[in-house]
>>> print(open('target-v4.tsv').read())   # TSV, C-alpha atoms and all ligand atoms
chain	number	residue	atom	x	y	z
B	1	MET	CA	115.51	44.38	88.38
B	2	GLN	CA	118.01	46.76	86.79
B	3	LEU	CA	118.72	46.96	83.07
B	4	LEU	CA	122.36	46.88	82.06
B	5	ASP	CA	122.36	49.72	79.57
B	6	GLY	CA	124.78	49.08	76.71
B	7	LYS	CA	124.09	52.48	75.22
B	8	LEU	CA	125.08	54.30	78.39
B	9	VAL	CA	128.22	52.26	79.09
B	10	SER	CA	129.43	52.22	75.48
B	11	GLN	CA	128.90	55.98	75.32
B	12	ALA	CA	131.05	56.36	78.46
B	13	VAL	CA	133.76	54.26	76.77
B	14	LYS	CA	133.51	56.34	73.61
B	15	ASN	CA	133.66	59.62	75.54
B	16	SER	CA	136.83	58.55	77.32
B	17	LEU	CA	138.34	57.54	73.97
B	18	LYS	CA	137.35	60.86	72.42
B	19	GLU	CA	139.33	62.63	75.14
B	20	LYS	CA	142.33	60.40	74.50
B	21	ILE	CA	142.11	61.08	70.76
B	22	ALA	CA	142.04	64.82	71.43
B	23	GLN	CA	145.23	64.40	73.47
B	24	LEU	CA	146.89	62.38	70.67
B	25	LYS	CA	145.94	65.04	68.15
B	26	ALA	CA	147.21	67.84	70.42
B	27	THR	CA	150.62	66.19	70.57
B	28	GLY	CA	150.70	65.51	66.82
B	29	SER	CA	150.62	61.74	67.39
B	30	LYS	CA	149.16	59.22	64.99
B	31	THR	CA	145.38	58.71	64.81
B	32	PRO	CA	144.19	55.11	65.44
B	33	HIS	CA	143.27	53.40	62.17
B	34	LEU	CA	141.05	50.32	61.87
B	35	ALA	CA	140.90	48.31	58.64
B	36	ALA	CA	137.85	46.06	58.35
B	37	ILE	CA	137.49	43.36	55.71
B	38	LEU	CA	134.01	42.28	54.71
B	39	VAL	CA	133.71	39.29	52.41
B	40	GLY	CA	130.43	38.85	50.52
B	41	SER	CA	127.13	40.47	51.42
B	42	ASN	CA	125.73	38.67	54.49
B	43	GLY	CA	123.08	41.12	55.78
B	44	ALA	CA	124.02	40.84	59.45
B	45	SER	CA	127.76	41.14	58.75
B	46	GLU	CA	127.10	44.22	56.58
B	47	THR	CA	125.23	45.84	59.47
B	48	TYR	CA	127.91	45.02	62.05
B	49	VAL	CA	130.81	46.20	59.91
B	50	ALA	CA	128.99	49.39	58.91
B	51	SER	CA	128.39	50.11	62.59
B	52	LYS	CA	132.05	49.46	63.48
B	53	VAL	CA	133.23	51.84	60.76
B	54	LYS	CA	130.65	54.51	61.67
B	55	ASN	CA	131.65	54.39	65.32
B	56	CYS	CA	135.34	54.77	64.40
B	57	GLU	CA	134.55	57.91	62.47
B	58	GLU	CA	132.31	59.26	65.20
B	59	ILE	CA	135.12	59.28	67.75
B	60	GLY	CA	137.83	60.50	65.39
B	61	PHE	CA	139.54	57.23	64.38
B	62	LYS	CA	140.51	56.54	60.79
B	63	SER	CA	138.83	53.54	59.20
B	64	THR	CA	139.11	51.65	55.96
B	65	LEU	CA	136.47	49.21	54.77
B	66	ILE	CA	137.68	46.63	52.28
B	67	ARG	CA	134.91	44.74	50.53
B	68	LEU	CA	135.73	41.50	48.78
B	69	ASP	CA	133.50	39.39	46.61
B	70	GLU	CA	131.78	36.32	48.10
B	71	ALA	CA	133.77	34.20	45.61
B	72	VAL	CA	137.16	35.67	46.59
B	73	SER	CA	139.96	33.11	46.76
B	74	GLU	CA	141.76	32.32	49.98
B	75	LYS	CA	144.99	33.55	48.36
B	76	GLU	CA	143.46	36.91	47.48
B	77	LEU	CA	142.19	37.41	51.04
B	78	MET	CA	145.60	36.37	52.41
B	79	ASP	CA	147.32	38.90	50.11
B	80	THR	CA	144.98	41.62	51.36
B	81	ILE	CA	145.82	40.82	54.98
B	82	GLU	CA	149.53	40.75	54.25
B	83	GLN	CA	149.30	44.22	52.72
B	84	LEU	CA	147.51	45.51	55.82
B	85	ASN	CA	150.07	43.79	58.06
B	86	LYS	CA	152.80	45.75	56.25
B	87	ASP	CA	150.93	49.08	56.17
B	88	ALA	CA	152.39	51.16	59.01
B	89	ASP	CA	149.36	53.44	59.03
B	90	VAL	CA	146.97	50.57	59.88
B	91	ASP	CA	146.81	49.78	63.62
B	92	GLY	CA	144.00	47.24	63.75
B	93	ILE	CA	142.80	44.58	61.30
B	94	LEU	CA	139.38	42.98	61.56
B	95	VAL	CA	138.10	40.23	59.26
B	96	GLN	CA	134.36	39.94	59.78
B	97	LEU	CA	133.24	36.35	60.40
B	98	PRO	CA	131.79	34.07	59.16
B	99	LEU	CA	133.78	33.68	55.94
B	100	PRO	CA	132.59	31.81	52.82
B	101	LYS	CA	133.25	28.08	52.83
B	102	GLN	CA	136.17	28.15	50.35
B	103	ILE	CA	138.17	30.03	52.98
B	104	ASN	CA	139.81	28.46	56.01
B	105	GLU	CA	139.00	30.84	58.88
B	106	ASP	CA	141.77	29.54	61.14
B	107	LYS	CA	144.38	30.14	58.45
B	108	ILE	CA	143.13	33.69	57.91
B	109	ILE	CA	143.02	34.56	61.61
B	110	SER	CA	146.53	33.21	62.13
B	111	LEU	CA	147.88	35.40	59.36
B	112	ILE	CA	146.91	38.67	61.05
B	113	ASN	CA	149.87	40.34	62.75
B	114	PRO	CA	149.17	39.74	66.49
B	115	LYS	CA	150.08	43.40	67.15
B	116	LYS	CA	147.11	44.39	64.93
B	117	ASP	CA	144.75	41.62	66.09
B	118	VAL	CA	142.06	43.89	67.55
B	119	ASP	CA	139.53	41.03	67.48
B	120	GLY	CA	141.78	39.00	69.79
B	121	PHE	CA	141.17	35.83	67.77
B	122	HIS	CA	144.79	35.05	66.86
B	123	PRO	CA	146.13	31.97	68.73
B	124	MET	CA	148.84	34.19	70.25
B	125	SER	CA	146.22	36.58	71.67
B	126	VAL	CA	144.08	33.70	72.94
B	127	GLY	CA	147.10	32.05	74.58
B	128	LYS	CA	148.06	35.27	76.33
B	129	MET	CA	144.48	35.83	77.48
B	130	VAL	CA	144.38	32.33	78.99
B	131	GLN	CA	147.63	33.03	80.83
B	132	GLY	CA	146.37	36.41	82.07
B	133	LEU	CA	149.01	38.33	80.11
B	134	PRO	CA	148.21	41.73	78.58
B	135	THR	CA	146.73	41.26	75.10
B	136	PHE	CA	143.72	42.01	72.94
B	137	ILE	CA	140.56	40.51	74.42
B	138	PRO	CA	137.81	39.54	71.92
B	139	ALA	CA	135.38	42.44	71.70
B	140	THR	CA	132.14	40.84	72.92
B	141	PRO	CA	133.59	39.19	76.06
B	142	TYR	CA	135.62	42.33	76.73
B	143	GLY	CA	132.43	44.39	76.39
B	144	ILE	CA	130.66	42.12	78.89
B	145	MET	CA	133.52	42.55	81.38
B	146	LEU	CA	133.37	46.36	80.95
B	147	MET	CA	129.63	46.22	81.61
B	148	LEU	CA	130.04	44.13	84.80
B	149	GLU	CA	132.76	46.52	85.94
B	150	HIS	CA	130.69	49.64	85.21
B	151	TYR	CA	127.73	48.39	87.25
B	152	LYS	CA	130.07	47.08	90.00
B	153	ILE	CA	128.42	43.67	89.85
B	154	GLU	CA	129.97	41.33	92.41
B	155	THR	CA	131.39	38.31	90.59
B	156	LYS	CA	133.89	36.92	93.14
B	157	GLY	CA	132.95	33.41	94.22
B	158	LYS	CA	129.79	33.41	92.10
B	159	HIS	CA	128.70	30.51	89.91
B	160	ALA	CA	128.66	31.69	86.28
B	161	VAL	CA	127.02	29.48	83.69
B	162	VAL	CA	128.01	30.17	80.09
B	163	ILE	CA	125.75	28.67	77.42
B	164	GLY	CA	127.78	28.36	74.23
B	165	ARG	CA	131.44	27.57	73.59
B	166	SER	CA	132.28	29.60	70.47
B	167	ASN	CA	135.73	31.08	70.04
B	168	ILE	CA	134.10	34.49	69.67
B	169	VAL	CA	132.10	34.59	72.92
B	170	GLY	CA	131.45	31.47	75.02
B	171	ARG	CA	135.00	30.16	75.37
B	172	PRO	CA	136.72	33.51	76.02
B	173	ILE	CA	134.09	34.81	78.48
B	174	SER	CA	134.37	31.55	80.44
B	175	ILE	CA	138.10	32.13	80.76
B	176	LEU	CA	137.78	35.81	81.67
B	177	LEU	CA	135.18	35.14	84.35
B	178	SER	CA	137.37	32.48	85.97
B	179	ARG	CA	140.55	34.59	86.01
B	180	ASN	CA	141.89	36.00	89.26
B	181	THR	CA	140.74	39.54	88.46
B	182	ASN	CA	137.85	41.87	89.18
B	183	PRO	CA	135.45	41.22	87.53
B	184	GLY	CA	136.35	37.53	87.63
B	185	ASN	CA	136.99	34.89	90.27
B	186	CYS	CA	133.81	33.06	89.28
B	187	THR	CA	133.31	29.33	89.33
B	188	VAL	CA	132.43	28.76	85.69
B	189	THR	CA	130.40	26.03	84.02
B	190	VAL	CA	130.48	25.97	80.22
B	191	CYS	CA	127.39	24.40	78.66
B	192	HIS	CA	126.83	23.45	75.02
B	193	SER	CA	124.67	21.37	72.73
B	194	HIS	CA	125.74	18.09	74.42
B	195	THR	CA	125.15	19.25	78.00
B	196	HIS	CA	122.81	17.08	80.06
B	197	ASN	CA	120.48	18.70	82.60
B	198	LEU	CA	120.99	22.23	81.32
B	199	LYS	CA	117.98	23.52	83.23
B	200	GLU	CA	119.29	22.17	86.56
B	201	ILE	CA	122.69	23.71	85.90
B	202	CYS	CA	121.18	27.09	84.98
B	203	LEU	CA	119.07	27.00	88.16
B	204	GLN	CA	122.33	26.93	90.15
B	205	ALA	CA	123.71	29.98	88.38
B	206	ASP	CA	124.28	33.39	89.96
B	207	ILE	CA	125.29	34.74	86.55
B	208	ILE	CA	124.18	33.37	83.16
B	209	VAL	CA	125.79	34.32	79.86
B	210	ALA	CA	123.53	33.14	77.03
B	211	ALA	CA	125.57	32.97	73.83
B	212	LEU	CA	124.14	30.16	71.74
B	213	GLY	CA	122.24	32.06	69.04
B	214	ARG	CA	118.76	30.62	69.65
B	215	PRO	CA	116.11	33.30	70.16
B	216	GLY	CA	114.22	33.07	73.46
B	217	PHE	CA	116.10	29.92	74.54
B	218	LEU	CA	116.58	30.84	78.21
B	219	THR	CA	113.15	30.77	79.85
B	220	ALA	CA	111.94	31.83	83.32
B	221	ASP	CA	111.78	28.23	84.65
B	222	MET	CA	115.55	27.92	84.03
B	223	VAL	CA	116.68	30.77	86.29
B	224	LYS	CA	116.65	31.43	90.03
B	225	GLU	CA	115.60	34.67	91.67
B	226	ASN	CA	118.14	37.54	91.58
B	227	VAL	CA	120.22	36.03	88.80
B	228	VAL	CA	122.36	38.29	86.59
B	229	VAL	CA	121.59	37.56	82.92
B	230	ILE	CA	123.83	38.60	80.05
B	231	ASP	CA	122.13	38.06	76.70
B	232	VAL	CA	124.55	37.84	73.80
B	233	GLY	CA	122.00	36.67	71.19
B	234	ILE	CA	121.34	38.91	68.18
B	235	THR	CA	119.29	36.76	65.80
B	236	ARG	CA	117.26	38.37	63.03
B	237	VAL	CA	113.68	37.08	63.07
B	238	PRO	CA	111.03	37.99	60.48
B	239	ASP	CA	108.82	40.87	61.67
B	240	ALA	CA	106.31	42.34	59.22
B	241	SER	CA	105.74	45.35	61.49
B	242	LYS	CA	109.33	46.55	60.91
B	243	LYS	CA	110.46	48.49	57.85
B	244	SER	CA	113.50	46.20	57.57
B	245	GLY	CA	111.21	43.13	57.68
B	246	PHE	CA	112.99	41.71	60.75
B	247	SER	CA	113.61	42.40	64.40
B	248	ILE	CA	116.57	41.44	66.56
B	249	LYS	CA	115.93	38.81	69.24
B	250	GLY	CA	118.17	37.74	72.07
B	251	ASP	CA	118.74	34.24	73.46
B	252	VAL	CA	116.62	35.11	76.51
B	253	ASP	CA	112.83	35.19	76.87
B	254	PHE	CA	113.25	38.70	78.23
B	255	GLU	CA	109.65	39.41	79.16
B	256	ASN	CA	109.40	36.46	81.54
B	257	VAL	CA	113.02	36.19	82.70
B	258	ALA	CA	113.60	39.89	83.50
B	259	PRO	CA	111.27	40.03	86.55
B	260	LYS	CA	113.40	37.34	88.25
B	261	CYS	CA	116.72	39.07	87.60
B	262	SER	CA	118.80	41.43	89.70
B	263	TYR	CA	120.37	42.67	86.43
B	264	ILE	CA	119.72	41.85	82.79
B	265	THR	CA	120.95	43.13	79.43
B	266	PRO	CA	118.26	44.08	76.91
B	267	VAL	CA	118.41	43.13	73.22
B	268	PRO	CA	118.93	45.37	71.38
B	269	GLY	CA	120.69	47.97	73.54
B	270	GLY	CA	122.84	45.65	75.64
B	271	VAL	CA	125.91	43.58	74.80
B	272	GLY	CA	125.90	44.45	71.06
B	273	LEU	CA	126.76	48.08	71.72
B	274	MET	CA	129.45	47.08	74.21
B	275	THR	CA	131.13	44.97	71.53
B	276	ILE	CA	131.75	48.12	69.50
B	277	GLY	CA	133.07	50.05	72.51
B	278	ALA	CA	135.50	47.22	73.28
B	279	LEU	CA	136.69	47.04	69.68
B	280	LEU	CA	137.41	50.76	69.74
B	281	MET	CA	139.41	50.33	72.99
B	282	ASN	CA	141.43	47.55	71.36
B	283	THR	CA	142.09	49.73	68.29
B	284	TYR	CA	143.22	52.61	70.47
B	285	ASN	CA	145.55	50.29	72.39
B	286	ALA	CA	146.91	48.84	69.12
B	287	CYS	CA	147.77	52.40	68.05
B	288	VAL	CA	149.47	53.53	71.26
B	289	GLY	CA	151.11	50.13	71.75
B	290	GLU	CA	149.53	49.26	75.10
B	301	LIG	N1	131.25	37.85	63.78
B	301	LIG	C1	130.47	37.86	64.89
B	301	LIG	N2	131.07	38.53	65.90
B	301	LIG	C2	132.26	38.95	65.41
B	301	LIG	C3	133.33	39.71	65.97
B	301	LIG	O1	133.32	40.12	67.15
B	301	LIG	N3	134.38	39.93	65.16
B	301	LIG	C4	134.42	39.48	63.88
B	301	LIG	N4	135.52	39.74	63.15
B	301	LIG	N5	133.46	38.78	63.33
B	301	LIG	C5	132.38	38.52	64.09
>>> encode(input="target-v4.tsv", output="structure tokens", more="lines below")
Ligand code: GUN
Amino acid sequence: MQLLDGKLVSQAVKNSLKEKIAQLKATGSKTPHLAAILVGSNGASETYVASKVKNCEEIGFKSTLIRLDEAVSEKELMDTIEQLNKDADVDGILVQLPLPKQINEDKIISLINPKKDVDGFHPMSVGKMVQGLPTFIPATPYGIMLMLEHYKIETKGKHAVVIGRSNIVGRPISILLSRNTNPGNCTVTVCHSHTHNLKEICLQADIIVAALGRPGFLTADMVKENVVVIDVGITRVPDASKKSGFSIKGDVDFENVAPKCSYITPVPGGVGLMTIGALLMNTYNACVGE
């Protein structure tokens, strides 16, 4: 069993971006600039956005964090996005999800200028991704693809089972894995809360992407020997032994599943870190217009 090390691969991504930034600076070109909008004070969202901003600064990107009150109106959030759309210095716009219930997420996502849609959630970006055209790929699925590529994991012809069909992870990774690319060329089964015989389906999988947000859901009896397991779960569970009062748990019962795997991502230290690396790549590309 080999661990897929998100720290190592994301650091490699960041190092290559640092070099590119040095080149941009040497030629007097513009520095990539990410604007992140955080609405309210959801603990997990706070942590993720803080990490995104910190990583931008670490590699020499500009970043702006815009905090809006939990009770912000849809109109006010839309005005903020329109300002960022117009601001020539801002290359990438990220609205951290979920949003409070008075706000229509689809409307907000659709308002972001597709050229600045570094989350890849805009319908234009999703449409292009489905068609295999160059575009922004949502950060978590993109991070998973970078990880598979880094470890040269053979995906062609393999049966990939994706558990979860969210717009953020499950749906896009199912599309990416089925595309005629490398990594890709998988036969993909997308499972969700209405799937019958999930265990039998998982037992047929060469690759499993667990992205349903239920800690420890994928157990050893659900996987065959030598499976590749990608754990996207990052649920906070109470843990009195931690200063924060919680620990982060993945969707996989790691202790019992790992011995059966050829490769597996740990939580923390796996996919989560890759998400940041992928977001930084998207922001760089938004800046240089690739
Ligand atoms: N919430 C959970 N994951 C993400 C993400 O990748 N981007 C944004 N904007 N919000 C999220």
>>> residues_near_ligand(input="target-v4.tsv", ligand="ligand LIG 301 (chain B)", cutoff="7 Å", atoms="all atoms listed in the file", output="ChimeraX atom specification")
/B:45,94-98,119,138-140,168,275
>>> write_last_selection(input="target-v4.tsv", atoms="C-alpha atoms", output="tab-separated table (two decimals), in the coordinates of the input")
chain	number	residue	atom	x	y	z
B	45	SER	CA	127.76	41.14	58.75
B	94	LEU	CA	139.38	42.98	61.56
B	95	VAL	CA	138.10	40.23	59.26
B	96	GLN	CA	134.36	39.94	59.78
B	97	LEU	CA	133.24	36.35	60.40
B	98	PRO	CA	131.79	34.07	59.16
B	119	ASP	CA	139.53	41.03	67.48
B	138	PRO	CA	137.81	39.54	71.92
B	139	ALA	CA	135.38	42.44	71.70
B	140	THR	CA	132.14	40.84	72.92
B	168	ILE	CA	134.10	34.49	69.67
B	275	THR	CA	131.13	44.97	71.53
>>> closest_residue(input="target-v4.tsv", among="B:Lys243, B:Lys7, B:Arg165, B:Lys18", to="Met281 of chain B", atoms="all atoms listed in the file")
B:Lys18
>>> residues_around(input="target-v4.tsv", residues="Val49 of chain B", least_positions_apart="6", cutoff="9 Å", atoms="all atoms listed in the file", output="list in words")
Ala36, Ile37, Leu38, Leu65 and Gln96 of chain B
>>> residues_near_point(input="target-v4.tsv", point="(147.7, 47.6, 70.2)", cutoff="12 Å", atoms="only C-alpha atoms", output="VMD selection string")
chain B and resid 32 to 34 90 to 93 113 to 120 125 134 to 137 279 to 290
>>> write_last_selection(input="target-v4.tsv", atoms="C-alpha atoms", output="mmCIF file, in the coordinates of the input")
data_model
loop_
_atom_site.group_PDB
_atom_site.id
_atom_site.type_symbol
_atom_site.label_atom_id
_atom_site.label_comp_id
_atom_site.auth_asym_id
_atom_site.auth_seq_id
_atom_site.Cartn_x
_atom_site.Cartn_y
_atom_site.Cartn_z
ATOM 1 C CA PRO B 32 144.190 55.110 65.440
ATOM 2 C CA HIS B 33 143.270 53.400 62.170
ATOM 3 C CA LEU B 34 141.050 50.320 61.870
ATOM 4 C CA VAL B 90 146.970 50.570 59.880
ATOM 5 C CA ASP B 91 146.810 49.780 63.620
ATOM 6 C CA GLY B 92 144.000 47.240 63.750
ATOM 7 C CA ILE B 93 142.800 44.580 61.300
ATOM 8 C CA ASN B 113 149.870 40.340 62.750
ATOM 9 C CA PRO B 114 149.170 39.740 66.490
ATOM 10 C CA LYS B 115 150.080 43.400 67.150
ATOM 11 C CA LYS B 116 147.110 44.390 64.930
ATOM 12 C CA ASP B 117 144.750 41.620 66.090
ATOM 13 C CA VAL B 118 142.060 43.890 67.550
ATOM 14 C CA ASP B 119 139.530 41.030 67.480
ATOM 15 C CA GLY B 120 141.780 39.000 69.790
ATOM 16 C CA SER B 125 146.220 36.580 71.670
ATOM 17 C CA PRO B 134 148.210 41.730 78.580
ATOM 18 C CA THR B 135 146.730 41.260 75.100
ATOM 19 C CA PHE B 136 143.720 42.010 72.940
ATOM 20 C CA ILE B 137 140.560 40.510 74.420
ATOM 21 C CA LEU B 279 136.690 47.040 69.680
ATOM 22 C CA LEU B 280 137.410 50.760 69.740
ATOM 23 C CA MET B 281 139.410 50.330 72.990
ATOM 24 C CA ASN B 282 141.430 47.550 71.360
ATOM 25 C CA THR B 283 142.090 49.730 68.290
ATOM 26 C CA TYR B 284 143.220 52.610 70.470
ATOM 27 C CA ASN B 285 145.550 50.290 72.390
ATOM 28 C CA ALA B 286 146.910 48.840 69.120
ATOM 29 C CA CYS B 287 147.770 52.400 68.050
ATOM 30 C CA VAL B 288 149.470 53.530 71.260
ATOM 31 C CA GLY B 289 151.110 50.130 71.750
ATOM 32 C CA GLU B 290 149.530 49.260 75.100
#
>>> atom_distance(input="target-v4.tsv", atom1="atom CA of Gly270 of chain B", atom2="atom CA of Thr155 of chain B")
18.7 Å
